[in-house]
>>> print(open('final-v6.cif').read())   # mmCIF, C-alpha atoms
data_model
#
loop_
_atom_site.group_PDB
_atom_site.id
_atom_site.type_symbol
_atom_site.label_atom_id
_atom_site.label_comp_id
_atom_site.auth_asym_id
_atom_site.auth_seq_id
_atom_site.Cartn_x
_atom_site.Cartn_y
_atom_site.Cartn_z
ATOM 1 C CA MET S 1 49.827 119.501 135.393
ATOM 2 C CA LYS S 2 46.496 118.084 136.561
ATOM 3 C CA GLY S 3 44.819 120.260 139.150
ATOM 4 C CA ASN S 4 47.568 122.878 139.052
ATOM 5 C CA ASN S 5 45.776 126.198 138.830
ATOM 6 C CA THR S 6 48.851 128.378 139.105
ATOM 7 C CA ARG S 7 50.544 127.751 135.752
ATOM 8 C CA LYS S 8 49.304 126.351 132.476
ATOM 9 C CA TYR S 9 50.977 125.886 129.129
ATOM 10 C CA ILE S 10 49.597 127.464 125.980
ATOM 11 C CA PRO S 11 49.063 124.610 123.526
ATOM 12 C CA TYR S 12 49.333 126.694 120.366
ATOM 13 C CA ILE S 13 52.663 128.418 121.065
ATOM 14 C CA TRP S 14 55.906 126.510 120.600
ATOM 15 C CA LEU S 15 59.497 126.883 119.429
ATOM 16 C CA ASP S 16 60.383 125.540 116.003
ATOM 17 C CA ASP S 17 63.659 123.637 116.319
ATOM 18 C CA GLU S 18 64.577 123.983 112.670
ATOM 19 C CA SER S 19 64.169 127.743 112.283
ATOM 20 C CA GLY S 20 64.641 128.616 115.964
ATOM 21 C CA ASN S 21 61.541 130.816 115.837
ATOM 22 C CA PRO S 22 58.646 130.886 118.270
ATOM 23 C CA MET S 23 55.509 129.826 116.437
ATOM 24 C CA MET S 24 51.886 130.549 117.208
ATOM 25 C CA MET S 25 49.371 128.357 115.411
ATOM 26 C CA ASP S 26 51.934 127.555 112.695
ATOM 27 C CA GLU S 27 52.801 131.211 112.082
ATOM 28 C CA ARG S 28 56.056 132.825 113.142
ATOM 29 C CA CYS S 29 55.518 135.052 116.178
ATOM 30 C CA THR S 30 57.517 137.370 118.408
ATOM 31 C CA ILE S 31 57.326 137.310 122.174
ATOM 32 C CA ILE S 32 57.885 140.739 123.704
ATOM 33 C CA PHE S 33 57.556 142.195 127.174
ATOM 34 C CA SER S 34 54.190 143.785 127.904
ATOM 35 C CA GLU S 35 55.736 147.144 128.776
ATOM 36 C CA THR S 36 57.093 147.396 125.235
ATOM 37 C CA LEU S 37 53.548 148.150 124.119
ATOM 38 C CA SER S 38 53.041 150.993 126.585
ATOM 39 C CA THR S 39 56.444 152.391 125.603
ATOM 40 C CA LEU S 40 55.431 152.215 121.960
ATOM 41 C CA ARG S 41 52.174 153.987 122.716
ATOM 42 C CA LEU S 42 53.894 156.772 124.638
ATOM 43 C CA SER S 43 56.556 157.237 121.963
ATOM 44 C CA LEU S 44 53.983 157.440 119.189
ATOM 45 C CA TYR S 45 52.024 160.022 121.178
ATOM 46 C CA LYS S 46 55.125 162.162 121.661
ATOM 47 C CA ILE S 47 55.862 162.129 117.931
ATOM 48 C CA ILE S 48 52.455 162.491 116.282
ATOM 49 C CA GLY S 49 50.086 163.464 119.104
ATOM 50 C CA GLU S 50 46.501 162.300 119.533
ATOM 51 C CA GLY S 51 46.376 160.741 116.081
ATOM 52 C CA SER S 52 48.603 158.012 117.457
ATOM 53 C CA GLU S 53 45.664 156.611 119.396
ATOM 54 C CA MET S 54 43.675 156.130 116.207
ATOM 55 C CA LEU S 55 46.729 154.535 114.656
ATOM 56 C CA LEU S 56 46.881 152.056 117.535
ATOM 57 C CA ARG S 57 43.228 151.236 117.098
ATOM 58 C CA LEU S 58 43.789 150.498 113.407
ATOM 59 C CA ILE S 59 46.820 148.330 114.193
ATOM 60 C CA GLY S 60 44.755 146.520 116.849
ATOM 61 C CA ARG S 61 41.958 145.921 114.365
ATOM 62 C CA ASP S 62 44.304 144.214 111.930
ATOM 63 C CA MET S 63 45.818 142.191 114.769
ATOM 64 C CA GLY S 64 42.380 141.077 115.939
ATOM 65 C CA LYS S 65 41.375 139.987 112.442
ATOM 66 C CA LYS S 66 44.604 138.082 111.926
ATOM 67 C CA TYR S 67 44.347 136.379 115.331
ATOM 68 C CA ALA S 68 40.732 135.400 114.680
ATOM 69 C CA GLN S 69 41.617 133.932 111.284
ATOM 70 C CA LEU S 70 44.454 131.914 112.795
ATOM 71 C CA VAL S 71 42.424 130.595 115.725
ATOM 72 C CA LEU S 72 39.542 129.509 113.493
ATOM 73 C CA LYS S 73 41.961 127.848 111.088
ATOM 74 C CA HIS S 74 43.843 126.066 113.849
ATOM 75 C CA TYR S 75 40.706 125.024 115.743
ATOM 76 C CA PRO S 76 38.096 124.427 113.004
ATOM 77 C CA GLU S 77 35.725 123.003 115.634
ATOM 78 C CA LEU S 78 35.106 126.600 116.724
ATOM 79 C CA ASN S 79 33.298 127.150 113.434
ATOM 80 C CA GLU S 80 30.668 124.658 114.591
ATOM 81 C CA VAL S 81 29.706 126.348 117.869
ATOM 82 C CA SER S 82 27.223 129.204 118.198
ATOM 83 C CA LYS S 83 28.271 132.744 117.361
ATOM 84 C CA ARG S 84 27.945 133.773 121.018
ATOM 85 C CA THR S 85 30.255 131.015 122.199
ATOM 86 C CA GLN S 86 32.615 131.699 119.319
ATOM 87 C CA ILE S 87 32.949 135.360 120.310
ATOM 88 C CA HIS S 88 33.458 134.547 123.979
ATOM 89 C CA GLU S 89 36.068 131.954 123.158
ATOM 90 C CA LEU S 90 37.955 134.088 120.646
ATOM 91 C CA CYS S 91 38.054 137.050 123.022
ATOM 92 C CA SER S 92 39.381 134.813 125.776
ATOM 93 C CA ILE S 93 42.050 133.261 123.552
ATOM 94 C CA ILE S 94 43.119 136.406 121.765
ATOM 95 C CA LEU S 95 43.173 138.810 124.670
ATOM 96 C CA ARG S 96 43.603 136.896 127.892
ATOM 97 C CA ASN S 97 45.709 133.944 126.758
ATOM 98 C CA THR S 98 48.122 136.037 124.727
ATOM 99 C CA GLY S 99 48.558 138.787 127.300
ATOM 100 C CA PHE S 100 46.426 141.610 125.911
ATOM 101 C CA GLY S 101 44.348 141.966 129.053
ATOM 102 C CA LYS S 102 41.295 140.492 130.671
ATOM 103 C CA ILE S 103 37.907 140.885 129.068
ATOM 104 C CA GLU S 104 34.432 140.501 130.472
ATOM 105 C CA ILE S 105 31.558 140.576 128.017
ATOM 106 C CA LEU S 106 28.646 142.405 129.631
ATOM 107 C CA GLU S 107 26.190 142.355 126.753
ATOM 108 C CA LEU S 108 26.276 140.681 123.400
ATOM 109 C CA ASP S 109 23.668 140.941 120.677
ATOM 110 C CA VAL S 110 24.693 138.859 117.674
ATOM 111 C CA THR S 111 21.718 140.023 115.598
ATOM 112 C CA LYS S 112 22.737 143.680 115.449
ATOM 113 C CA PRO S 113 25.713 142.931 116.054
ATOM 114 C CA GLU S 114 26.704 144.837 119.192
ATOM 115 C CA MET S 115 28.897 144.110 122.196
ATOM 116 C CA ARG S 116 29.510 145.860 125.495
ATOM 117 C CA ALA S 117 32.570 144.682 127.355
ATOM 118 C CA ILE S 118 35.076 145.570 130.029
ATOM 119 C CA ILE S 119 38.804 145.399 129.394
ATOM 120 C CA GLU S 120 41.299 145.577 132.221
ATOM 121 C CA ASP S 121 44.969 145.026 132.813
ATOM 122 C CA ALA S 122 45.754 145.844 129.185
ATOM 123 C CA PRO S 123 49.455 146.156 128.313
ATOM 124 C CA SER S 124 49.147 149.375 126.286
ATOM 125 C CA GLY S 125 48.235 151.191 129.506
ATOM 126 C CA LEU S 126 50.904 149.709 131.745
ATOM 127 C CA GLY S 127 52.751 152.331 133.752
ATOM 128 C CA ILE S 128 51.387 155.252 131.725
ATOM 129 C CA LYS S 129 49.909 158.046 133.807
ATOM 130 C CA SER S 130 50.333 160.884 131.333
ATOM 131 C CA LEU S 131 47.877 159.516 128.749
ATOM 132 C CA PRO S 132 44.167 158.826 129.156
ATOM 133 C CA PRO S 133 43.587 155.239 130.259
ATOM 134 C CA ILE S 134 41.967 154.246 127.001
ATOM 135 C CA TYR S 135 43.143 150.986 125.552
ATOM 136 C CA ASN S 136 42.848 151.703 121.863
ATOM 137 C CA LEU S 137 45.090 148.853 120.774
ATOM 138 C CA GLU S 138 43.008 146.284 122.612
ATOM 139 C CA ALA S 139 39.713 147.950 121.661
ATOM 140 C CA GLY S 140 40.831 147.745 118.048
ATOM 141 C CA MET S 141 41.565 144.057 118.505
ATOM 142 C CA LEU S 142 37.999 143.459 119.660
ATOM 143 C CA CYS S 143 36.693 145.337 116.615
ATOM 144 C CA GLY S 144 38.895 143.168 114.393
ATOM 145 C CA ILE S 145 37.636 139.940 115.963
ATOM 146 C CA LEU S 146 34.010 140.974 115.453
ATOM 147 C CA GLU S 147 34.687 142.201 111.924
ATOM 148 C CA GLU S 148 36.149 138.823 111.023
ATOM 149 C CA LEU S 149 33.168 136.957 112.466
ATOM 150 C CA PHE S 150 30.400 139.184 111.145
ATOM 151 C CA GLU S 151 32.072 140.388 107.955
ATOM 152 C CA ARG S 152 30.941 143.893 108.846
ATOM 153 C CA GLU S 153 32.965 146.970 109.689
ATOM 154 C CA MET S 154 32.842 147.526 113.448
ATOM 155 C CA VAL S 155 33.605 150.620 115.477
ATOM 156 C CA VAL S 156 33.969 151.618 119.119
ATOM 157 C CA SER S 157 30.805 153.676 119.571
ATOM 158 C CA GLY S 158 31.164 154.373 123.271
ATOM 159 C CA TYR S 159 33.709 154.106 126.031
ATOM 160 C CA ARG S 160 34.051 154.929 129.679
ATOM 161 C CA TYR S 161 36.944 154.650 132.090
ATOM 162 C CA ASN S 162 35.911 153.272 135.454
ATOM 163 C CA GLU S 163 38.459 154.807 137.799
ATOM 164 C CA SER S 164 37.502 152.911 140.956
ATOM 165 C CA GLU S 165 37.863 149.550 139.203
ATOM 166 C CA ASP S 166 40.665 150.718 136.893
ATOM 167 C CA ASN S 167 39.002 149.201 133.864
ATOM 168 C CA TYR S 168 37.696 150.416 130.558
ATOM 169 C CA GLU S 169 34.156 149.759 129.382
ATOM 170 C CA LEU S 170 33.457 149.977 125.694
ATOM 171 C CA THR S 171 30.629 149.424 123.282
ATOM 172 C CA ILE S 172 31.303 148.092 119.802
ATOM 173 C CA THR S 173 28.716 148.376 117.056
ATOM 174 C CA LYS S 174 28.619 147.898 113.321
ATOM 175 C CA VAL S 175 29.209 150.868 111.056
ATOM 176 C CA GLU S 176 25.881 151.899 109.525
ATOM 177 C CA MET Q 1 28.619 108.317 132.558
ATOM 178 C CA ARG Q 2 31.658 109.745 130.788
ATOM 179 C CA VAL Q 3 34.288 111.917 132.445
ATOM 180 C CA LEU Q 4 36.345 114.491 130.585
ATOM 181 C CA ASP Q 5 39.256 115.745 132.650
ATOM 182 C CA VAL Q 6 40.632 118.931 131.075
ATOM 183 C CA ARG Q 7 42.407 120.291 134.147
ATOM 184 C CA GLY Q 8 45.540 122.142 133.109
ATOM 185 C CA GLU Q 9 44.097 122.957 129.675
ATOM 186 C CA ILE Q 10 43.176 126.460 128.548
ATOM 187 C CA CYS Q 11 40.765 127.831 125.938
ATOM 188 C CA PRO Q 12 39.778 126.598 123.479
ATOM 189 C CA VAL Q 13 40.796 123.030 124.407
ATOM 190 C CA PRO Q 14 38.151 122.407 127.130
ATOM 191 C CA LEU Q 15 35.299 123.605 124.911
ATOM 192 C CA VAL Q 16 36.530 121.810 121.799
ATOM 193 C CA ARG Q 17 37.004 118.508 123.605
ATOM 194 C CA CYS Q 18 33.639 118.837 125.329
ATOM 195 C CA VAL Q 19 31.797 119.514 122.074
ATOM 196 C CA ASN Q 20 33.612 116.639 120.343
ATOM 197 C CA GLU Q 21 32.750 114.271 123.189
ATOM 198 C CA ILE Q 22 29.070 115.181 123.124
ATOM 199 C CA LYS Q 23 28.911 114.422 119.408
ATOM 200 C CA LYS Q 24 29.787 110.814 120.220
ATOM 201 C CA MET Q 25 27.139 110.475 122.928
ATOM 202 C CA LYS Q 26 23.528 109.374 122.846
ATOM 203 C CA PRO Q 27 20.514 111.279 124.232
ATOM 204 C CA GLY Q 28 20.222 110.945 128.003
ATOM 205 C CA GLU Q 29 23.880 110.098 128.521
ATOM 206 C CA VAL Q 30 25.796 112.145 131.080
ATOM 207 C CA LEU Q 31 29.159 113.860 130.656
ATOM 208 C CA LYS Q 32 31.163 115.291 133.544
ATOM 209 C CA VAL Q 33 33.709 117.922 132.520
ATOM 210 C CA ILE Q 34 36.354 118.749 135.122
ATOM 211 C CA SER Q 35 38.320 121.959 134.529
ATOM 212 C CA ASP Q 36 40.328 124.591 136.368
ATOM 213 C CA HIS Q 37 40.302 127.279 133.672
ATOM 214 C CA PRO Q 38 37.688 129.932 134.619
ATOM 215 C CA PRO Q 39 36.806 131.130 131.074
ATOM 216 C CA ALA Q 40 35.980 127.536 130.104
ATOM 217 C CA LYS Q 41 33.126 127.543 132.621
ATOM 218 C CA LYS Q 42 31.438 130.373 130.784
ATOM 219 C CA SER Q 43 32.077 129.121 127.252
ATOM 220 C CA ILE Q 44 31.040 125.506 127.922
ATOM 221 C CA SER Q 45 27.878 126.480 129.787
ATOM 222 C CA MET Q 46 27.045 129.045 127.096
ATOM 223 C CA GLU Q 47 27.398 126.449 124.341
ATOM 224 C CA MET Q 48 25.405 123.844 126.264
ATOM 225 C CA GLU Q 49 22.568 126.357 126.549
ATOM 226 C CA GLU Q 50 22.791 127.081 122.825
ATOM 227 C CA GLN Q 51 22.683 123.345 122.033
ATOM 228 C CA GLY Q 52 19.839 122.750 124.496
ATOM 229 C CA HIS Q 53 21.616 120.327 126.844
ATOM 230 C CA GLU Q 54 20.835 120.425 130.559
ATOM 231 C CA TYR Q 55 23.793 121.099 132.825
ATOM 232 C CA THR Q 56 24.780 121.898 136.378
ATOM 233 C CA ILE Q 57 27.984 123.422 137.709
ATOM 234 C CA GLU Q 58 29.679 122.350 140.908
ATOM 235 C CA GLU Q 59 32.501 124.498 142.278
ATOM 236 C CA ASN Q 60 35.347 122.936 144.201
ATOM 237 C CA GLY Q 61 37.939 125.570 145.046
ATOM 238 C CA ALA Q 62 39.830 126.478 141.886
ATOM 239 C CA GLU Q 63 38.266 123.569 140.044
ATOM 240 C CA PHE Q 64 34.742 123.085 138.804
ATOM 241 C CA THR Q 65 32.718 120.248 137.360
ATOM 242 C CA ILE Q 66 30.058 120.718 134.715
ATOM 243 C CA THR Q 67 27.617 117.830 134.539
ATOM 244 C CA ILE Q 68 25.838 117.691 131.195
ATOM 245 C CA VAL Q 69 22.851 115.581 130.229
ATOM 246 C CA VAL Q 70 22.759 115.166 126.464
ATOM 247 C CA LYS Q 71 19.394 116.188 125.049
ATOM 248 C CA GLY Q 72 17.299 114.067 122.723
ATOM 249 C CA ARG Q 73 17.988 114.650 119.055
#
>>> encode(input="final-v6.cif", output="structure tokens")
Amino acid sequence: MKGNNTRKYIPYIWLDDESGNPMMMDERCTIIFSETLSTLRLSLYKIIGEGSEMLLRLIGRDMGKKYAQLVLKHYPELNEVSKRTQIHELCSIILRNTGFGKIEILELDVTKPEMRAIIEDAPSGLGIKSLPPIYNLEAGMLCGILEELFEREMVVSGYRYNESEDNYELTITKVE
Amino acid sequence: MRVLDVRGEICPVPLVRCVNEIKKMKPGEVLKVISDHPPAKKSISMEMEEQGHEYTIEENGAEFTITIVVKGR
């Protein structure tokens, strides 16, 4: 494995021999294809319309909180690093490593708190051309991560789709 | 000088092992961290700045080495 930059194993995902279940950080998990999420998004939109996007954001928020709790429990050392590093690391683990897209943090103010970031290659947008390219599931996950760390309700206060780069820039702030 | 080879490891392993290693070191000692996981470059350098350690980054293709000088406590 040393020096191999093409494939890496994820140390916190394994198969439990006894139950036969995949496990992530000691919790049962389900591995699904990325396109399942875009199919889910499209189906929800067809049934309940635009409200489905808010629903996805709420689901994402709960996912983000749960992921953050698990990561911090499984790697308690992350409670000892600075808040900035903690956020960067959690975003990398929870989004990139588990297949919810790439994230680049553009600005981060831990005193407010406020974060501006770019998400790209998110699974909820895969292959969907009929819906706006807004990744509400993944945006919700970021809100959930920050809510867990700051113990404050967080909201997406601004977003912009960058068509030339095919990415989604969003600003997350606390709810006043 | 200590060497921490975390090639093949992904977040948060490189950061966690780096931080744990530094805890065992004395002021002025040098730690070289070798990694090939791009997000680790950002998180390790960010944490070193927060902790006040001096560091340099050397790129070598897909790999990089972060050389850290542990600050006085």
>>> closest_residue(input="final-v6.cif", among="Q:Glu59, Q:Val69, Q:Ser43, Q:Gly52", to="chain S", atoms="all atoms listed in the file")
Q:Ser43
>>> residues_near_point(input="final-v6.cif", point="(32.7, 119.0, 140.8)", cutoff="10 Å", atoms="all atoms listed in the file", output="JSON list (two decimals) with C-alpha atoms, in the frame of the given file")
[["chain", "number", "residue", "atom", "x", "y", "z"],
["Q", 32, "LYS", "CA", 31.16, 115.29, 133.54],
["Q", 33, "VAL", "CA", 33.71, 117.92, 132.52],
["Q", 34, "ILE", "CA", 36.35, 118.75, 135.12],
["Q", 35, "SER", "CA", 38.32, 121.96, 134.53],
["Q", 56, "THR", "CA", 24.78, 121.90, 136.38],
["Q", 57, "ILE", "CA", 27.98, 123.42, 137.71],
["Q", 58, "GLU", "CA", 29.68, 122.35, 140.91],
["Q", 59, "GLU", "CA", 32.50, 124.50, 142.28],
["Q", 60, "ASN", "CA", 35.35, 122.94, 144.20],
["Q", 61, "GLY", "CA", 37.94, 125.57, 145.05],
["Q", 63, "GLU", "CA", 38.27, 123.57, 140.04],
["Q", 64, "PHE", "CA", 34.74, 123.08, 138.80],
["Q", 65, "THR", "CA", 32.72, 120.25, 137.36],
["Q", 66, "ILE", "CA", 30.06, 120.72, 134.72],
["Q", 67, "THR", "CA", 27.62, 117.83, 134.54]]
>>> closest_atom_pairs(input="final-v6.cif", of="chain S", to="chain Q", cutoff="12 Å", atoms="only C-alpha atoms", output="Markdown table")
| residue | atom | partner | partner_atom | distance |
| --- | --- | --- | --- | --- |
| S:Met1 | CA | Q:Gly8 | CA | 5.5 |
| S:Lys2 | CA | Q:Arg7 | CA | 5.2 |
| S:Gly3 | CA | Q:Arg7 | CA | 5.6 |
| S:Asn4 | CA | Q:Gly8 | CA | 6.3 |
| S:Asn5 | CA | Q:Asp36 | CA | 6.2 |
| S:Thr6 | CA | Q:Gly8 | CA | 9.3 |
| S:Arg7 | CA | Q:Gly8 | CA | 8.0 |
| S:Lys8 | CA | Q:Gly8 | CA | 5.7 |
| S:Tyr9 | CA | Q:Glu9 | CA | 7.5 |
| S:Ile10 | CA | Q:Ile10 | CA | 7.0 |
| S:Pro11 | CA | Q:Ile10 | CA | 8.0 |
| S:Tyr12 | CA | Q:Pro12 | CA | 10.0 |
| S:Val71 | CA | Q:Pro12 | CA | 9.1 |
| S:Leu72 | CA | Q:Pro12 | CA | 10.4 |
| S:His74 | CA | Q:Pro12 | CA | 10.5 |
| S:Tyr75 | CA | Q:Pro12 | CA | 7.9 |
| S:Pro76 | CA | Q:Val16 | CA | 9.3 |
| S:Glu77 | CA | Q:Val16 | CA | 6.3 |
| S:Leu78 | CA | Q:Val16 | CA | 7.1 |
| S:Asn79 | CA | Q:Val16 | CA | 10.4 |
| S:Glu80 | CA | Q:Val19 | CA | 9.2 |
| S:Val81 | CA | Q:Glu47 | CA | 6.9 |
| S:Ser82 | CA | Q:Glu47 | CA | 6.7 |
| S:Lys83 | CA | Q:Glu47 | CA | 9.4 |
| S:Arg84 | CA | Q:Met46 | CA | 7.8 |
| S:Thr85 | CA | Q:Ser43 | CA | 5.7 |
| S:Gln86 | CA | Q:Ser43 | CA | 8.4 |
| S:Ile87 | CA | Q:Ser43 | CA | 9.4 |
| S:His88 | CA | Q:Ser43 | CA | 6.5 |
| S:Glu89 | CA | Q:Ser43 | CA | 6.4 |
| S:Leu90 | CA | Q:Pro12 | CA | 8.2 |
| S:Cys91 | CA | Q:Cys11 | CA | 10.0 |
| S:Ser92 | CA | Q:Pro39 | CA | 6.9 |
| S:Ile93 | CA | Q:Cys11 | CA | 6.1 |
| S:Ile94 | CA | Q:Cys11 | CA | 9.8 |
| S:Leu95 | CA | Q:Cys11 | CA | 11.3 |
| S:Arg96 | CA | Q:Pro39 | CA | 9.5 |
| S:Asn97 | CA | Q:Cys11 | CA | 7.9 |
| S:Thr98 | CA | Q:Cys11 | CA | 11.1 |
| S:Lys102 | CA | Q:Pro39 | CA | 10.4 |
| S:Ile103 | CA | Q:Pro39 | CA | 10.0 |
| S:Glu104 | CA | Q:Pro39 | CA | 9.7 |
| S:Ile105 | CA | Q:Lys42 | CA | 10.6 |
>>> residues_around(input="final-v6.cif", residues="Ile68 (chain Q)", least_positions_apart="3", cutoff="6 Å", atoms="only C-alpha atoms", output="list in words")
Val30, Leu31, Glu54 and Tyr55 of chain Q
>>> residues_around(input="final-v6.cif", residues="Asn162 (chain S)", least_positions_apart="6", cutoff="10 Å", atoms="all atoms listed in the file", output="PDB file with C-alpha atoms, in the coordinates of the input")
ATOM      1  CA  ILE S 118      35.076 145.570 130.029  1.00  0.00           C
ATOM      2  CA  GLU S 120      41.299 145.577 132.221  1.00  0.00           C
ATOM      3  CA  PRO S 133      43.587 155.239 130.259  1.00  0.00           C
ATOM      4  CA  TYR S 168      37.696 150.416 130.558  1.00  0.00           C
ATOM      5  CA  GLU S 169      34.156 149.759 129.382  1.00  0.00           C
TER       6      GLU S 169
END
>>> atom_distance(input="final-v6.cif", atom1="CA of Leu37 (chain S)", atom2="CA of Gly125 (chain S)")
8.2 Å
>>> axis_aligned_box(input="final-v6.cif", around="region 153-169 of chain S", padding_each_side="6 Å", output="AutoDock Vina command-line options")
--center_x 35.7 --center_y 150.9 --center_z 125.3 --size_x 21.9 --size_y 20.0 --size_z 43.3
>>> residues_around(input="final-v6.cif", residues="Asp16 (chain S)", least_positions_apart="4", cutoff="12 Å", atoms="all atoms listed in the file", output="number ranges by chain")
S: 12, 20-29
>>> write_last_selection(input="final-v6.cif", atoms="C-alpha atoms", output="PDB file, in the coordinates of the input")
ATOM      1  CA  TYR S  12      49.333 126.694 120.366  1.00  0.00           C
ATOM      2  CA  GLY S  20      64.641 128.616 115.964  1.00  0.00           C
ATOM      3  CA  ASN S  21      61.541 130.816 115.837  1.00  0.00           C
ATOM      4  CA  PRO S  22      58.646 130.886 118.270  1.00  0.00           C
ATOM      5  CA  MET S  23      55.509 129.826 116.437  1.00  0.00           C
ATOM      6  CA  MET S  24      51.886 130.549 117.208  1.00  0.00           C
ATOM      7  CA  MET S  25      49.371 128.357 115.411  1.00  0.00           C
ATOM      8  CA  ASP S  26      51.934 127.555 112.695  1.00  0.00           C
ATOM      9  CA  GLU S  27      52.801 131.211 112.082  1.00  0.00           C
ATOM     10  CA  ARG S  28      56.056 132.825 113.142  1.00  0.00           C
ATOM     11  CA  CYS S  29      55.518 135.052 116.178  1.00  0.00           C
TER      12      CYS S  29
END
>>> atom_distance(input="final-v6.cif", atom1="CA of Gly99 (chain S)", atom2="CA of Lys174 (chain S)")
26.0 Å
>>> atom_distance(input="final-v6.cif", atom1="CA of Val156 (chain S)", atom2="CA of Thr173 (chain S)")
6.5 Å
